Amino acid sequence: MKHSDTPLEKNRILGTSPRSAVDSDKVCGKAIYGIDAHPAGMIYGAVLRSPHAHARIRSIDVSAALAMPGVTAVVTGADLPNLADKIEQLGETIVNRRYQSHNILAVDKALYHGHAVAAVAAKTLQQAEAALAKIQVDYEVLPAVTDVEAAMRPDAPILLEELRTNELGSKGDHPTNIASHFRHQRGDLEQGFASAALIVEREFRTAAVHQGYIEPQNATAAWRSNGRLTVWTSTQGSFSARDQIADILDIPLTQVRVIPLEVGGAFGGKNGVYLEPVAALLSRKSGGKPVRLVMSNQEVLCATGPTSAGYLRVKVGADRAGIITAAQIFIAYGAGAYPGSPVGAGADTMVGPYRIENLLIDGYDVVTNRPRAAAYRAPGGSNAAFAMEVVVDELAEKLGIDPLEFRLRNAAQEGDRRADGRVYARIGMREVLEAARAHPHYTAPLPGPNCGRGVAAGAWANGGGRSSVAAIVNKDGSVTLSMGSVDLTGTRVSLSMQFAEALGIPLEAVSPWVTDTDSMAFTDGTWGSRTTFASGIAVIDLAGELVRQLKIQAAVLWGAPIEEIDYANGVFQWGDQRLTFKELAGKLPRPVMATATVNARGVGPAFAAHIVDVEVDPETGKVRILRYTAVQDVGKAIHPDFIRGQMRGGVTQGIGWALSEEYVYDEQGHLLNPSFLDYRLPTSLDVPRIETVIVEAPNPGHPYGVRGVGEVPIVPPPGALANAIYRAVGVRMQTLPMSPPRLLEALWEKG
Amino acid sequence: MPVIFIPALLRNLTGGQERISVRGATLAEALTALDEQYPGLRAQLIEGDRIRPELSVAIDNETTEGWLWTRLDESSEIHFVQPLSGG
């Protein structure tokens, strides 16, 4: 694939790890976040949420709230346009805009504890919160179901009366909580299992976990009398947010301007909108005054998407040589109140590292009385890989084969097919496993009793998609680089590096910024590990376009034929005439501005292998991590420090998922731990220094070989930790999290 | 000829066949040819002028927008897959 005619033969900037002003602003508290937006005349909003997990809303009386001091508006689901079904892709999955609308303000039914049912705007936050208490909601409480397996039973309480199981266009004929069923199937499963020397079959249950970002959801909206709606928000995708807001409010795209501000963590949880349309409705009812809504951490945990809880059955057979002969998988994910769990991604991820000729996967998307599931860093991947990696580990052990060697014998490589049938191009699974095996950690002695070492592999497909960028050449030789991609993880730096490299100018000459939605063409959100890859291709193309335009200007200056002008290493040349990029910028006959847009193809999947040592306290069930090494194929390392940060961040979140994090509900569906005191994120005391090994197997679909790096490091930790725990104390954990009480119970059962 | 990989849940309409070669220079032509061999398949995969929104179409391993006018090569592989992106 040819992307650009810019000089790519020499890496001056790629592979270095420059510091940036963006980072120092964040560290020094100078960065501007959503709650720093304070348009003139701003007032405050607050949201009333359902105390019930499942209840019919008979009526809502807002008259007393409206009469409270300072109150300017009250909105309920009745204020939302009545939308028809409209299926759209959003980040990891698909959403129905009608359901999305009902999720931000309940219509007819509250479907989870914390579901928004009304909102108030007032001159002060205290006035808004006082008015919430005056809203009278008449609920008919209904039985709730928060468990995936229970929700699939025929006698389960039904959440959405109109829901029928979708099986590729065929709809079921009765109400159900099973929103959809898909199947991946190839080869001859029966023959595959018949040729196995050993078959291991296990079932697994995994808890829902939250993305755990520091900055809560926030939105400030001003819906002026001229019909223009401006929204300041913390989002992963400003254009996606604009489209969601316009669809939910049923207004034209051109009426909505989204201004993205710095993001204090997202990890998939800020792909979808929650507050933005509500703030807009409150603003309109308040005469166009800007209205700010900010969630508390309790609201974040109760009402924004955690990832899915899951139930999985995994059956894998292997022959005596340690070759997998067949795999059969049942995977059901809870979607929360509305369809759209990442079960498809989970199915693809869990078998991604392996070549499996005979395969059957049945996947189910199931609604439950919980907040609607949102993407979370390799959505659906960690819990699926946990199940697969534990079974693979048991096969290796029982066949007497080293666990990394077993994975190597089955490692997917170029030409092999993914679960969904697509064929891998060049991938680095083998190189990653070999690098893990060669790492000193793998053969280091363990320190004592109750210690064990585990390994696991992981895959993530990564994303491509649409990106738009623009550049302006300034007369001092600097270039203003505008991008539609929201910067979550150093995007301004990693795109500036690729741009400067391709353009042949110093990195310091590039001044990047993230635009609002009125200033750039559509750009997909910063999700799916897509941005350094896809927006990277866009800036390389942009550099090529800029050079083309600058050659025209040089030709005008010199009176030369354009085709005779050369550009290399930052210098334009025609015969003995010579101008550096900076010199030409100062002499331009007319301004130069270029744009580039792409819909990036050539996505390169990412692979990882992790090694972890643990010590288990048999008296308490507490797992202490002694050492952790993460190995990952990154394609080409643009900014190695950022990549190591991504790897360490992914591992840390994976440790939380594996050992401590879970949503805990009572039988009525109330969330019992909606605070960061009771919802146990890993702390610095739980996470050791994480060693990182960067493997570079270039992606042929990117000019520099880039693969997305942000998501795959969260995939292997639960499996690696489960396998380490087994080797430490002899119990195969089949439930996440492997928290002290759960591990202690398993130890007692083992005797 | 382009090869369409039939989704597992629709193979009851193809007598269990997983891969079917069809003539067609576009996705629309290929699906029409498929429907001539196995009536009913096209309707299961299409909504309006594009593939059902809950599906993605991968042509030669690249996810596409699923527009029916998408061009095919003689050696194209067509897969109907779950939409995947990420967090």
# chains A, B, ... in the order shown; residues from 1 in each chain; ligands from 1
$ residues_around --residues "region 510-517 of chain A" --least-positions-apart "6" --cutoff "9 Å" --atoms "only C-alpha atoms" --output "list in words"
Ser238, Phe239, Arg242, Val256, Arg257, Val258, Ile259, Pro260, Leu261, Ser478, Val479, Thr480, Leu481, Ser482, Met483, Gly484, Ser485, Val486, Asp487, Arg492, Val493, Leu495, Ser496, Met497, Phe499 and Ala500 of chain A
$ write_last_selection --atoms "N, CA and C atoms" --output "short mmCIF file (atom, residue, chain, number, x, y, z; two decimals), in the first residue's frame"
data_model
loop_
_atom_site.label_atom_id
_atom_site.label_comp_id
_atom_site.auth_asym_id
_atom_site.auth_seq_id
_atom_site.Cartn_x
_atom_site.Cartn_y
_atom_site.Cartn_z
N SER A 238 -14.95 13.60 19.66
CA SER A 238 -15.80 14.79 19.61
C SER A 238 -16.83 14.67 18.49
N PHE A 239 -16.44 14.09 17.36
CA PHE A 239 -17.38 13.97 16.24
C PHE A 239 -18.45 12.92 16.54
N ARG A 242 -20.78 14.57 18.88
CA ARG A 242 -21.67 15.48 18.14
C ARG A 242 -22.80 14.70 17.47
N VAL A 256 -24.84 21.61 16.04
CA VAL A 256 -24.10 21.17 17.23
C VAL A 256 -22.61 21.37 17.03
N ARG A 257 -22.00 22.03 17.99
CA ARG A 257 -20.54 22.17 18.01
C ARG A 257 -20.04 21.57 19.32
N VAL A 258 -19.17 20.58 19.19
CA VAL A 258 -18.59 19.96 20.38
C VAL A 258 -17.15 20.43 20.52
N ILE A 259 -16.83 20.92 21.71
CA ILE A 259 -15.47 21.36 22.01
C ILE A 259 -14.87 20.36 23.00
N PRO A 260 -13.95 19.53 22.53
CA PRO A 260 -13.37 18.54 23.45
C PRO A 260 -12.28 19.19 24.30
N LEU A 261 -12.27 18.86 25.56
CA LEU A 261 -11.22 19.38 26.46
C LEU A 261 -10.34 18.21 26.90
N SER A 478 7.59 27.34 11.45
CA SER A 478 6.81 26.41 12.26
C SER A 478 5.58 25.97 11.49
N VAL A 479 5.01 24.87 11.95
CA VAL A 479 3.80 24.35 11.30
C VAL A 479 2.75 24.07 12.37
N THR A 480 1.59 24.63 12.18
CA THR A 480 0.47 24.34 13.08
C THR A 480 -0.23 23.09 12.56
N LEU A 481 -0.25 22.07 13.40
CA LEU A 481 -0.85 20.78 13.02
C LEU A 481 -2.17 20.63 13.75
N SER A 482 -3.26 20.60 13.00
CA SER A 482 -4.60 20.47 13.59
C SER A 482 -5.09 19.05 13.39
N MET A 483 -5.71 18.51 14.44
CA MET A 483 -6.16 17.11 14.34
C MET A 483 -7.55 16.95 14.92
N GLY A 484 -8.33 16.08 14.30
CA GLY A 484 -9.67 15.79 14.83
C GLY A 484 -9.64 14.75 15.92
N SER A 485 -8.53 14.03 16.06
CA SER A 485 -8.43 13.00 17.09
C SER A 485 -8.25 13.62 18.45
N VAL A 486 -9.08 13.21 19.39
CA VAL A 486 -8.90 13.61 20.79
C VAL A 486 -7.64 12.95 21.33
N ASP A 487 -6.91 13.70 22.14
CA ASP A 487 -5.64 13.20 22.69
C ASP A 487 -5.88 12.58 24.06
N ARG A 492 -1.04 14.08 20.46
CA ARG A 492 -0.44 15.27 19.85
C ARG A 492 1.05 15.04 19.59
N VAL A 493 1.69 14.34 20.52
CA VAL A 493 3.13 14.11 20.37
C VAL A 493 3.39 13.03 19.32
N LEU A 495 1.61 11.98 16.85
CA LEU A 495 1.29 12.41 15.48
C LEU A 495 2.28 13.48 15.02
N SER A 496 2.69 14.37 15.91
CA SER A 496 3.69 15.37 15.53
C SER A 496 4.99 14.69 15.13
N MET A 497 5.34 13.63 15.84
CA MET A 497 6.59 12.91 15.52
C MET A 497 6.53 12.31 14.12
N PHE A 499 4.58 13.23 11.70
CA PHE A 499 4.46 14.34 10.74
C PHE A 499 5.83 14.97 10.49
N ALA A 500 6.56 15.27 11.58
CA ALA A 500 7.88 15.91 11.44
C ALA A 500 8.85 14.97 10.73
#
$ interface_residues --of "chain A" --to "chain B" --cutoff "8 Å" --atoms "only C-alpha atoms" --output "PyMOL selection string"
chain A and resi 87-89+91-94+167-170+182-186+267-269+271+344-345+375-379+420-424+461-463+527-529+601-602+711
$ write_last_selection --atoms "C-alpha atoms" --output "PDB file, in the first residue's frame"
ATOM      1  CA  ILE A  87     -28.438   1.219  14.649  1.00  0.00           C
ATOM      2  CA  GLU A  88     -25.045   2.934  14.730  1.00  0.00           C
ATOM      3  CA  GLN A  89     -21.545   1.696  15.425  1.00  0.00           C
ATOM      4  CA  GLY A  91     -16.467   2.338  19.530  1.00  0.00           C
ATOM      5  CA  GLU A  92     -16.385  -1.358  20.233  1.00  0.00           C
ATOM      6  CA  THR A  93     -19.893  -2.264  19.320  1.00  0.00           C
ATOM      7  CA  ILE A  94     -23.236  -1.152  17.973  1.00  0.00           C
ATOM      8  CA  GLU A 167     -29.672 -14.236  14.806  1.00  0.00           C
ATOM      9  CA  LEU A 168     -28.314 -12.600  11.680  1.00  0.00           C
ATOM     10  CA  GLY A 169     -31.554 -11.060  10.573  1.00  0.00           C
ATOM     11  CA  SER A 170     -33.815 -13.779  11.946  1.00  0.00           C
ATOM     12  CA  PHE A 182     -23.786 -15.293  16.739  1.00  0.00           C
ATOM     13  CA  ARG A 183     -21.691 -18.283  15.765  1.00  0.00           C
ATOM     14  CA  HIS A 184     -18.205 -18.791  14.370  1.00  0.00           C
ATOM     15  CA  GLN A 185     -17.706 -22.279  12.981  1.00  0.00           C
ATOM     16  CA  ARG A 186     -15.130 -23.959  10.828  1.00  0.00           C
ATOM     17  CA  PHE A 267     -10.432   3.709  28.652  1.00  0.00           C
ATOM     18  CA  GLY A 268     -13.557   3.228  26.533  1.00  0.00           C
ATOM     19  CA  GLY A 269     -15.950   4.703  29.086  1.00  0.00           C
ATOM     20  CA  ASN A 271     -17.161   6.768  23.839  1.00  0.00           C
ATOM     21  CA  GLY A 344     -18.016 -10.417  19.521  1.00  0.00           C
ATOM     22  CA  ALA A 345     -14.674  -8.901  20.425  1.00  0.00           C
ATOM     23  CA  ALA A 375     -16.142  -0.385  26.091  1.00  0.00           C
ATOM     24  CA  TYR A 376     -13.212  -0.969  28.387  1.00  0.00           C
ATOM     25  CA  ARG A 377      -9.704  -1.240  26.926  1.00  0.00           C
ATOM     26  CA  ALA A 378      -9.765  -4.315  24.655  1.00  0.00           C
ATOM     27  CA  PRO A 379     -13.488  -4.635  25.376  1.00  0.00           C
ATOM     28  CA  ASP A 420     -14.286 -14.750  12.194  1.00  0.00           C
ATOM     29  CA  GLY A 421     -12.494 -16.192   9.162  1.00  0.00           C
ATOM     30  CA  ARG A 422     -10.298 -13.264   8.195  1.00  0.00           C
ATOM     31  CA  VAL A 423      -6.662 -14.000   7.418  1.00  0.00           C
ATOM     32  CA  TYR A 424      -3.774 -12.584   9.417  1.00  0.00           C
ATOM     33  CA  ALA A 461      -7.462  -6.890  16.628  1.00  0.00           C
ATOM     34  CA  ASN A 462      -6.934  -3.081  16.801  1.00  0.00           C
ATOM     35  CA  GLY A 463      -8.849  -0.578  14.697  1.00  0.00           C
ATOM     36  CA  TRP A 527     -10.593   4.129  20.610  1.00  0.00           C
ATOM     37  CA  GLY A 528      -9.630   0.722  19.354  1.00  0.00           C
ATOM     38  CA  SER A 529      -5.902   1.512  19.519  1.00  0.00           C
ATOM     39  CA  ARG A 601      -6.870   0.191   5.916  1.00  0.00           C
ATOM     40  CA  GLY A 602      -4.062  -2.218   6.789  1.00  0.00           C
ATOM     41  CA  GLU A 711      -5.343  -2.270  24.508  1.00  0.00           C
TER      42      GLU A 711
END
$ residues_around --residues "Thr349 (chain A)" --least-positions-apart "5" --cutoff "9 Å" --atoms "only C-alpha atoms" --output "list of chain:residue names"
A:Gly344, A:Ala378, A:Gly380, A:Gly381, A:Ser382, A:Ala384, A:Ala385, A:Arg418, A:Ala419, A:Gly458, A:Ala459, A:Trp460, A:Ala461, A:Val715
$ residues_around --residues "Thr70 (chain B)" --least-positions-apart "2" --cutoff "6 Å" --atoms "only C-alpha atoms" --output "list in words"
Thr26, Leu27, Trp67 and Leu68 of chain B
$ write_last_selection --atoms "N, CA and C atoms" --output "PDB file, in the first residue's frame"
ATOM      1  N   THR B  26     -19.168  -6.394  -8.034  1.00  0.00           N
ATOM      2  CA  THR B  26     -19.466  -5.597  -6.839  1.00  0.00           C
ATOM      3  C   THR B  26     -20.096  -6.511  -5.794  1.00  0.00           C
ATOM      4  N   LEU B  27     -20.152  -5.999  -4.578  1.00  0.00           N
ATOM      5  CA  LEU B  27     -20.788  -6.772  -3.514  1.00  0.00           C
ATOM      6  C   LEU B  27     -22.247  -7.065  -3.866  1.00  0.00           C
ATOM      7  N   TRP B  67     -21.192  -0.940   1.868  1.00  0.00           N
ATOM      8  CA  TRP B  67     -22.016  -0.451   0.768  1.00  0.00           C
ATOM      9  C   TRP B  67     -22.037  -1.485  -0.347  1.00  0.00           C
ATOM     10  N   LEU B  68     -23.186  -1.644  -0.951  1.00  0.00           N
ATOM     11  CA  LEU B  68     -23.346  -2.717  -1.936  1.00  0.00           C
ATOM     12  C   LEU B  68     -22.560  -2.456  -3.217  1.00  0.00           C
TER      13      LEU B  68
END
$ residues_around --residues "Ser195 (chain A)" --least-positions-apart "2" --cutoff "8 Å" --atoms "only C-alpha atoms" --output "PyMOL selection string"
chain A and resi 191-193+197+318-319+325
$ write_last_selection --atoms "C-alpha atoms" --output "mmCIF file, in the first residue's frame"
data_model
loop_
_atom_site.group_PDB
_atom_site.id
_atom_site.type_symbol
_atom_site.label_atom_id
_atom_site.label_comp_id
_atom_site.auth_asym_id
_atom_site.auth_seq_id
_atom_site.Cartn_x
_atom_site.Cartn_y
_atom_site.Cartn_z
ATOM 1 C CA GLN A 191 -13.253 -35.195 14.250
ATOM 2 C CA GLY A 192 -11.049 -32.621 15.958
ATOM 3 C CA PHE A 193 -12.041 -33.775 19.427
ATOM 4 C CA ALA A 197 -5.208 -37.110 23.260
ATOM 5 C CA ALA A 318 -4.913 -31.292 21.938
ATOM 6 C CA ASP A 319 -2.920 -34.222 20.588
ATOM 7 C CA THR A 325 -7.138 -30.167 17.514
#
$ residues_around --residues "region 553-558 of chain A" --least-positions-apart "4" --cutoff "8 Å" --atoms "only C-alpha atoms" --output "compact mmCIF listing (two decimals) with C-alpha atoms, in the first residue's frame"
# COMPACT_ATOMS: atom_id res chain seq x y z
CA GLN A 549 2.18 22.75 -2.25
CA ILE A 562 7.64 22.29 -10.52
CA ILE A 565 12.24 20.85 -7.74
CA PHE A 572 14.11 22.40 -1.43
CA LEU A 584 11.01 28.98 2.12
CA LEU A 588 6.09 32.22 0.59
CA PRO A 589 4.34 34.11 -2.24
CA ARG A 590 1.00 33.05 -0.74
$ select_by_dssp --residues "region 464-658 of chain A" --states "helix (DSSP H, G or I)" --output "PyMOL selection string"
chain A and resi 491-503+507-509+531-558+562-564+581-585+640-658
$ closest_residue --among "A:Leu163, A:Ala746, A:Ile638, A:Val145" --to "Gly705 (chain A)" --atoms "only C-alpha atoms"
A:Ile638
$ atom_distance --atom1 "CA of Lys109 (chain A)" --atom2 "CA of Asp138 (chain A)"
11.1 Å
$ residues_around --residues "Ile690 (chain A)" --least-positions-apart "2" --cutoff "12 Å" --atoms "only C-alpha atoms" --output "count of residues only"
30
$ atom_distance --atom1 "CA of Val137 (chain A)" --atom2 "CA of Ala84 (chain A)"
25.9 Å
$ closest_residue --among "A:Ser50, A:Gln668, A:Thr76, A:Thr595" --to "Pro157 (chain A)" --atoms "only C-alpha atoms"
A:Gln668
$ closest_residue --among "B:Gly66, B:Pro2, B:Pro39, B:Gly48" --to "Thr14 (chain B)" --atoms "only C-alpha atoms"
B:Pro39
